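Only one structure is covered here, and it is reproduced in the block below.
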Amino acid sequence: MKNSQKQAFFPAGLIRSVYKVFSKIAEPKRTANSAIPLIDHLMSGLAIFGLKFPSLLQYDLQRYDTPIRANLKNLYHVNTPPSDTYLRECLDEVNPTLLRPVFKKLFAELQDSKCLEQFQFLDGHYILAIDGTGEFSSSKVSCEHCCKKEHKNGTVTYYHQMLGACIVHPDFSQVIPLCPEHIQNEDGNLKNDCERNATKRFIENFRREHPHLKVIVTEDGLASNGPNLKLLEANNMKYFIGAKPGDHEYLFQQLATSNEVEYYEYQDDKGVFHQFDFVNGLSLNKSHIDLKVNMIDYMETQQNAKVLRFSWVTNIPINKDNVYQLMRGGRARWKIENETFNTLKTLGYNFEHNYGHGKKYLASVFSLLMVLAFFIDQTQAITCECFKVARKAQRIYRALWEAMRVFFTHFIIESWDQFYQLLGKQPRLDTS
């Protein structure tokens with residue numbers, strides 16, 4: 001890798017790339033505090049989520065402190081930090097689609113540097129895990145984009161959901177998030193948005209932004225339906241998707257009666273026994289007889305005699321040489337649950353915390369800035385030795401985030417290199 005490409009993944013390079021993209025977004029029409037440009041609002045928002053401030057209030061109470069003002073400028077290019085009120089008012093006017101290009105930019109830099117290649121899984125393909133998660137729910141707070149659930153007792157729950165997508169690999173704990181798709185109502189739309197519609201939008205956007213990227217899509221069992229599989233194939237995507245007996249009775253009947261089923265077994269070096277029944281060319285269901293899929297029925301027996309069973313459908317031809325690898329790829333789908341959603345919700349990012357809902361776009365913009373901060377952290381964990389040293393010194397991520405906030409709020413820091421060097425030399429903070 002060229003030295004200039006390496007430098008791009010030091011935190012200064014990542015933040016600089018974000019700043020350049022954000023600088024191209026036009027100023028929204030607003031009346032309040034127009035003296036502070038949009039770029040300062042966006043980069044302040046990124047700093048809040050990058051440093052894992054537990055609330056906007058904590059940021060607001062400290063933003064006039066000399067170290068924080070200096071560090072916002074030195075590390076995040078913020079000239080005039082807005083108050084929490086002005087931050088909410090400004091970002092509420094920013095259409096979330098305007099933030100999409102920054103995800104594409106950072107992903108393209110990973111590609112150009114060849115760092116992405118280590119995530120290749122099978123024949124040059126990357127595993128693309130897709131799943132939805134809850135983002136916000138309230139019986140009192142709402143905006144014009146909220147979905148609504150009306151209960152029998154007359155009450156209403158307002159909510160937002162998000163369709164997330166990440167490049168994952170069974171050998172790595174890190175993931176590479178792509179720009180998520182919000183599951184929310186558009187202006188004037190009385191019918192709730194849903195995960196299936198969001199998936200259609202995501203795939204359309206993904207293929208427009210990454211027309212030649214070879215991917216294997218993995219989703220949960222609800223996605224192994226005819227319309228979704230046809231959509232994936234129409235967009236030149238491979239897939240490896242869960243299939244449950246209760247949802248695919250006809251498919252499992254074919255598996256039980258086919259003379260073409262092959263069997264493969266393997267015991268790994270940990271003593272785990274893997275058994276596979278697989279067959280190519282079954283009909284997905286009676287409604288889609290012409291839609292042919294390949295199927296794996298898999299059983300794992302652990303040393304303690306615990307048994308796990310999984311089944312998948314795929315458009316990748318299955319044989320004894322690739323069936324074990326395909327199984328590992330299918331089970332990597334859980335990384336979008338564990339290493340992505342769970343991390344955002346429980347390891348300092350405060351994903352489900354309401355930083356401000358707004359009347360238009362604020363909740364969605366905040367969620368994108370949070371995922372962008374996560375993208376930057378994951379990229380550094382993959383590529384940046386300074387970050388890895390700091391992470392090792394602090395032992396756990398929560399301790400690292402706490403140490404970052406302590407240094408950021410009490411000491412003037414000249415550069416990201418200095419920041420992580422300081423963190424790498426400090427003993428772990430007690431966060432209990």
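Going by the structure tokens order, chains are called A, B, ..., each with residues numbered from 1, while ligands are numbered from 1 in the order shown.
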Handout entry: DSSP strand (DSSP E or B) residues within region 154-389 of chain A, as an MDAnalysis selection string
Key = chainID A and resid 156:168 176:177 181:183 215:218 238:242 262:267 273:285 288:301 307:314
Pull C-alpha atoms from the residues just selected and write them as a PDB file, in the first residue's frame.
```pdb
ATOM      1  CA  VAL A 156     -50.666   5.552  19.190  1.00  0.00           C
ATOM      2  CA  THR A 157     -47.002   4.567  19.106  1.00  0.00           C
ATOM      3  CA  TYR A 158     -44.750   6.611  16.838  1.00  0.00           C
ATOM      4  CA  TYR A 159     -41.587   4.945  15.612  1.00  0.00           C
ATOM      5  CA  HIS A 160     -38.644   4.993  13.232  1.00  0.00           C
ATOM      6  CA  GLN A 161     -36.767   1.941  12.014  1.00  0.00           C
ATOM      7  CA  MET A 162     -33.602   1.573  10.001  1.00  0.00           C
ATOM      8  CA  LEU A 163     -32.427  -0.959   7.431  1.00  0.00           C
ATOM      9  CA  GLY A 164     -28.730  -1.482   8.031  1.00  0.00           C
ATOM     10  CA  ALA A 165     -26.190  -3.097   5.731  1.00  0.00           C
ATOM     11  CA  CYS A 166     -22.557  -4.071   6.335  1.00  0.00           C
ATOM     12  CA  ILE A 167     -19.746  -5.855   4.598  1.00  0.00           C
ATOM     13  CA  VAL A 168     -18.858  -8.699   6.977  1.00  0.00           C
ATOM     14  CA  ILE A 176     -17.806  -2.057   7.116  1.00  0.00           C
ATOM     15  CA  PRO A 177     -21.172  -0.273   7.261  1.00  0.00           C
ATOM     16  CA  GLU A 181     -31.937   3.135   4.586  1.00  0.00           C
ATOM     17  CA  HIS A 182     -34.486   4.703   6.904  1.00  0.00           C
ATOM     18  CA  ILE A 183     -37.847   2.995   7.301  1.00  0.00           C
ATOM     19  CA  VAL A 215     -21.552  -9.354  -3.276  1.00  0.00           C
ATOM     20  CA  ILE A 216     -23.300 -12.272  -1.630  1.00  0.00           C
ATOM     21  CA  VAL A 217     -26.345 -10.932   0.192  1.00  0.00           C
ATOM     22  CA  THR A 218     -27.259 -12.636   3.455  1.00  0.00           C
ATOM     23  CA  LYS A 238     -25.573 -13.624  -5.270  1.00  0.00           C
ATOM     24  CA  TYR A 239     -27.488 -14.529  -2.127  1.00  0.00           C
ATOM     25  CA  PHE A 240     -27.324 -16.943   0.799  1.00  0.00           C
ATOM     26  CA  ILE A 241     -30.467 -16.533   2.872  1.00  0.00           C
ATOM     27  CA  GLY A 242     -32.040 -18.414   5.743  1.00  0.00           C
ATOM     28  CA  GLU A 262     -25.628 -35.046  -1.446  1.00  0.00           C
ATOM     29  CA  TYR A 263     -24.188 -35.560   2.034  1.00  0.00           C
ATOM     30  CA  TYR A 264     -20.973 -34.148   3.462  1.00  0.00           C
ATOM     31  CA  GLU A 265     -19.546 -34.288   6.977  1.00  0.00           C
ATOM     32  CA  TYR A 266     -16.526 -32.702   8.590  1.00  0.00           C
ATOM     33  CA  GLN A 267     -15.030 -32.534  12.080  1.00  0.00           C
ATOM     34  CA  PHE A 273     -18.991 -32.137  13.967  1.00  0.00           C
ATOM     35  CA  HIS A 274     -20.555 -30.570  10.856  1.00  0.00           C
ATOM     36  CA  GLN A 275     -23.128 -32.419   8.710  1.00  0.00           C
ATOM     37  CA  PHE A 276     -24.572 -31.141   5.449  1.00  0.00           C
ATOM     38  CA  ASP A 277     -27.381 -32.265   3.178  1.00  0.00           C
ATOM     39  CA  PHE A 278     -27.394 -30.149   0.033  1.00  0.00           C
ATOM     40  CA  VAL A 279     -29.030 -30.158  -3.361  1.00  0.00           C
ATOM     41  CA  ASN A 280     -29.127 -27.857  -6.395  1.00  0.00           C
ATOM     42  CA  GLY A 281     -32.119 -26.829  -8.498  1.00  0.00           C
ATOM     43  CA  LEU A 282     -35.198 -26.976  -6.247  1.00  0.00           C
ATOM     44  CA  SER A 283     -38.288 -24.821  -6.730  1.00  0.00           C
ATOM     45  CA  LEU A 284     -38.581 -22.142  -4.058  1.00  0.00           C
ATOM     46  CA  ASN A 285     -42.288 -22.791  -3.470  1.00  0.00           C
ATOM     47  CA  HIS A 288     -42.617 -19.755  -7.783  1.00  0.00           C
ATOM     48  CA  ILE A 289     -42.084 -23.142  -9.410  1.00  0.00           C
ATOM     49  CA  ASP A 290     -39.787 -21.636 -12.037  1.00  0.00           C
ATOM     50  CA  LEU A 291     -37.567 -19.913  -9.462  1.00  0.00           C
ATOM     51  CA  LYS A 292     -34.840 -22.467  -8.867  1.00  0.00           C
ATOM     52  CA  VAL A 293     -32.703 -22.318  -5.735  1.00  0.00           C
ATOM     53  CA  ASN A 294     -29.961 -24.420  -4.218  1.00  0.00           C
ATOM     54  CA  MET A 295     -30.375 -25.542  -0.631  1.00  0.00           C
ATOM     55  CA  ILE A 296     -28.279 -26.527   2.387  1.00  0.00           C
ATOM     56  CA  ASP A 297     -29.666 -28.263   5.474  1.00  0.00           C
ATOM     57  CA  TYR A 298     -26.942 -28.142   8.119  1.00  0.00           C
ATOM     58  CA  MET A 299     -26.496 -29.659  11.578  1.00  0.00           C
ATOM     59  CA  GLU A 300     -23.708 -28.831  14.022  1.00  0.00           C
ATOM     60  CA  THR A 301     -22.918 -31.072  16.981  1.00  0.00           C
ATOM     61  CA  VAL A 307     -26.988 -29.534  18.447  1.00  0.00           C
ATOM     62  CA  LEU A 308     -27.683 -26.536  16.187  1.00  0.00           C
ATOM     63  CA  ARG A 309     -29.549 -26.657  12.874  1.00  0.00           C
ATOM     64  CA  PHE A 310     -29.679 -24.122  10.052  1.00  0.00           C
ATOM     65  CA  SER A 311     -30.993 -24.130   6.506  1.00  0.00           C
ATOM     66  CA  TRP A 312     -30.302 -21.739   3.641  1.00  0.00           C
ATOM     67  CA  VAL A 313     -31.207 -21.132   0.016  1.00  0.00           C
ATOM     68  CA  THR A 314     -28.727 -19.721  -2.462  1.00  0.00           C
TER      69      THR A 314
END
```
Handout entry: Close residues, His41 (chain A) itself excluded, 7 Å, only C-alpha atoms, min 3 positions apart in chain, as a PyMOL selection string
Key = chain A and resi 37-38+44-45+82+87
Practice task
Would you kindly return, as an MDAnalysis selection string, each protein, DNA or RNA residue with an atom no farther than 10 Å from any atom of Asp171 (chain A), considering only C-alpha atoms and excluding same-chain residues fewer than 4 positions away?
Solution key: chainID A and resid 118:119 121 328:329 332
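CA of Arg391 (chain A) is found 7.3 Å from CA of Gly424 (chain A).
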Practice task
Would you please give, as a VMD selection string, all residues of region 183-405 of chain A that DSSP assigns to alpha helix (DSSP H) based on the backbone?
Solution key: chain A and resid 195 to 209 226 to 234 249 to 257 323 to 331 335 342 to 346 362 to 383 385 to 394 397 to 405
Practice task
Excluding region 48-51 of chain A and residues on its chain fewer than 3 positions from it, collect all residues at most 7 Å away from it, counting only C-alpha atoms, and give them as a PyMOL selection string.
Solution key: chain A and resi 44-45+349+369-370+373+401+404-405
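Among the candidates A:Phe411, A:Phe375, A:Tyr420, A:Tyr361, the residue lying nearest to Glu186 (chain A) is A:Tyr361 (atoms considered: only C-alpha atoms).
Each of A:Thr66, A:Ser367, A:Ser287, A:Ser113 was compared to Leu46 (chain A) using only C-alpha atoms, and A:Ser367 turns out to be the nearest.
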Closest pair table for region 63-176 of chain A residues within 12 Å of region 322-325 of chain A, only C-alpha atoms, as a tab-separated table:
```
residue	atom	partner	partner_atom	distance
A:Phe121	CA	A:Gln325	CA	8.7
A:Leu122	CA	A:Gln325	CA	8.1
A:Asp123	CA	A:Asn322	CA	10.6
A:Ile127	CA	A:Gln325	CA	11.9
A:His169	CA	A:Gln325	CA	11.2
A:Pro170	CA	A:Gln325	CA	9.6
A:Asp171	CA	A:Gln325	CA	11.4
```
Would you put the residues from that selection into a file with C-alpha atoms, as an mmCIF file, in the first residue's frame?
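So result_16.cif came out as:
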```cif
data_model
loop_
_atom_site.group_PDB
_atom_site.id
_atom_site.type_symbol
_atom_site.label_atom_id
_atom_site.label_comp_id
_atom_site.auth_asym_id
_atom_site.auth_seq_id
_atom_site.Cartn_x
_atom_site.Cartn_y
_atom_site.Cartn_z
ATOM 1 C CA PHE A 121 -14.952 -14.157 0.940
ATOM 2 C CA LEU A 122 -15.625 -16.386 -2.078
ATOM 3 C CA ASP A 123 -14.441 -15.951 -5.668
ATOM 4 C CA ILE A 127 -20.684 -10.806 2.132
ATOM 5 C CA HIS A 169 -16.451 -11.618 7.067
ATOM 6 C CA PRO A 170 -16.569 -14.678 9.357
ATOM 7 C CA ASP A 171 -12.904 -14.202 10.324
#
```
Practice task
Work out how far CA of Ala129 (chain A) is from CA of Lys335 (chain A), in Å to one decimal.
Solution key: 7.9 Å
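The smallest atom-to-atom distance between Ala108 (chain A) and any of A:Glu204, A:Glu209, A:Asp131, A:Asp377, using only C-alpha atoms, is found for A:Glu209.
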Exercise for the section: Point out the residue among A:Ser415, A:Asn95, A:Asn225, A:Asn354 with the least atom-to-atom distance to Ser138 (chain A), counting only C-alpha atoms. Expected result: A:Asn354
